[in-house]
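See below for the structure under consideration.
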Amino acid sequence: MPSTGRLPTLRITEIFHSLQGETSRAGLPTDGRWFTRLHGDDDLDVWLISWVPGHTTELHDHSGSLGALTVLSGSLHEYRWDGLRLRRRLLDSGDQAGFPLGWVHDVVGAHAGTTLSVHAYSPPLTAMSYYEVGERGTLRIERQVIEVDHVGTRVTAPKVGSRRTDVDVQSDFRRTDRVVLKVRVA
């Protein structure tokens with residue numbers, strides 16, 4: 001039976017309340033971002049992410065995936081590239097945001113305590129590009145991260161302009177059938 005690409009709200013709520021109980025006893029990490037995959041199929045990935053104040057994801061896109069997030073508790077700053085500069089918006093508990101194709105942004109924990117958010121991507125993320133704002137106020141790719149579904153699959157690193165790229169192959173220990181390629185623009 002094909003997937004509907006939907007995860008019922010009730011299921012997310014159950015998972016959230018279950019994790020709230022676990023994390024209140026054990027405590028969420030206070031020195032970095034923490035995440036766990038709530039759902040995944042061929043059409044949709046759903047992640048629960050915790051944020052600490054000031055932690056940044058770096059300026060990035062979601063390649064060929066659409067995305068959305070809902071802030072469950074706390075608040076986040078989103079810095080979005082509008083074609084000329086970065087624009088900031090505050091996302092508080094209950095706020096939602098969608099990310100169309102080509103959306104380049106950075107997300108930062110803005111709350112004094114830990115912030116929790118749920119993120120969904122369709123199709124599931126397989127690649128992301130990371131950016132920096134150049135000296136002339138233009139956006140440029142700093143590196144790309146590509147996931148390959150099967151160990152042993154050959155991948156040609158994308159050429160970024162006329163720059164050489166280096167490929168760093170890393171195993172993803174959460175999934176033994178997946179390899180993550182980090183491509184750094186030299």
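In the structure tokens, chains take letters A, B, ... by order of appearance, with residues numbered from 1 within each chain and ligands from 1 in the order shown.
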
Which residues come within 7 Å of Ser93 in chain A, counting only C-alpha atoms, excluding same-chain residues fewer than 5 positions away, as a PyMOL selection string? chain A and resi 71-75

Pull all heavy atoms from the residues just selected and write them as a CSV table (one decimal), in the first residue's frame.
```csv
chain,number,residue,atom,x,y,z
A,71,VAL,N,7.2,25.2,16.0
A,71,VAL,CA,7.9,25.4,17.2
A,71,VAL,C,7.0,24.8,18.3
A,71,VAL,O,5.8,25.3,18.5
A,71,VAL,CB,8.3,26.8,17.5
A,71,VAL,CG1,9.0,27.0,18.8
A,71,VAL,CG2,9.2,27.3,16.3
A,72,LEU,N,7.4,23.8,19.1
A,72,LEU,CA,6.6,23.3,20.1
A,72,LEU,C,6.7,24.0,21.5
A,72,LEU,O,5.8,24.2,22.2
A,72,LEU,CB,7.0,21.8,20.4
A,72,LEU,CG,6.8,20.9,19.2
A,72,LEU,CD1,7.3,19.5,19.5
A,72,LEU,CD2,5.3,20.8,18.8
A,73,SER,N,8.0,24.5,21.7
A,73,SER,CA,8.2,25.2,23.0
A,73,SER,C,9.5,26.1,22.7
A,73,SER,O,10.3,25.7,22.0
A,73,SER,CB,8.4,24.3,24.2
A,73,SER,OG,9.6,23.5,24.0
A,74,GLY,N,9.5,27.2,23.4
A,74,GLY,CA,10.6,28.1,23.3
A,74,GLY,C,10.5,29.0,22.0
A,74,GLY,O,9.4,29.2,21.6
A,75,SER,N,11.6,29.4,21.4
A,75,SER,CA,11.6,30.2,20.2
A,75,SER,C,12.8,30.0,19.4
A,75,SER,O,13.9,29.7,19.9
A,75,SER,CB,11.3,31.7,20.6
A,75,SER,OG,12.3,32.1,21.5
```

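Counting only C-alpha atoms and comparing A:Leu86, A:Val104, A:Val118, A:Ala112, the residue that lies closest to Gly137 in chain A is A:Leu86.
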
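Nearest residue to Asp95 in chain A, choosing from A:Leu69, A:Ala120, A:Ala127, A:Ala110 and counting only C-alpha atoms: A:Leu69.
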
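For the pair CA of Asp61 in chain A and CA of Ser117 in chain A, the separation is 17.9 Å.
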
Taking 3 positions as the minimum chain separation for residues in the same chain, which residues sit within 8 Å of Leu44 in chain A when counting only C-alpha atoms? Answer as a PyMOL selection string. chain A and resi 5-6+39-41+120-124

Please dump the current selection as a compact mmCIF listing (two decimals), in the first residue's frame; keep C-alpha atoms.
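Just written: out-v3.txt:
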```txt
# COMPACT_ATOMS: atom_id res chain seq x y z
CA GLY A 5 2.90 10.96 3.28
CA ARG A 6 0.95 11.97 6.40
CA HIS A 39 8.82 9.15 11.05
CA GLY A 40 10.34 8.26 7.72
CA ASP A 41 9.13 6.72 4.49
CA ALA A 120 9.07 17.70 8.09
CA TYR A 121 10.69 17.27 4.66
CA SER A 122 9.17 15.88 1.47
CA PRO A 123 10.68 14.13 -0.25
CA PRO A 124 13.08 13.14 2.55
```

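CA of Ser65 in chain A is found 18.0 Å from CA of Glu78 in chain A.
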
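Between CA of Met128 in chain A and CA of Leu59 in chain A lies a distance of 10.2 Å.
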
Give me the residues near Asp82 in chain A as a VMD selection string, where near means some atom within 10 Å (using only C-alpha atoms) and where sequence neighbours in that chain fewer than 5 positions away do not count. chain A and resid 87 103 to 105

Okay, now the selection with C-alpha atoms, as a PDB file, in the first residue's frame?
```pdb
ATOM      1  CA  ARG A  87      16.154  38.830   6.955  1.00  0.00           C
ATOM      2  CA  TRP A 103      14.761  28.576   0.403  1.00  0.00           C
ATOM      3  CA  VAL A 104      18.135  29.422   1.961  1.00  0.00           C
ATOM      4  CA  HIS A 105      18.105  30.024   5.701  1.00  0.00           C
TER       5      HIS A 105
END
```

Which one is closest to His55 in chain A: A:Phe35, A:His77, A:Thr70, A:Gly109? Count only C-alpha atoms. A:Gly109

Would you list the contacts of Gly54 in chain A as a list in words, taking every protein, DNA or RNA residue within 12 Å and counting only C-alpha atoms, but skipping same-chain residues closer than 3 positions in sequence? Thr30, Asp31, Gly32, Arg33, Trp51, Thr57, Glu58, Ser75, Leu76, His77, Glu78, Asp106, Val107, Val108, Gly109, Ala110, His111, Ala112, Gly113, Thr114 and Thr115 of chain A
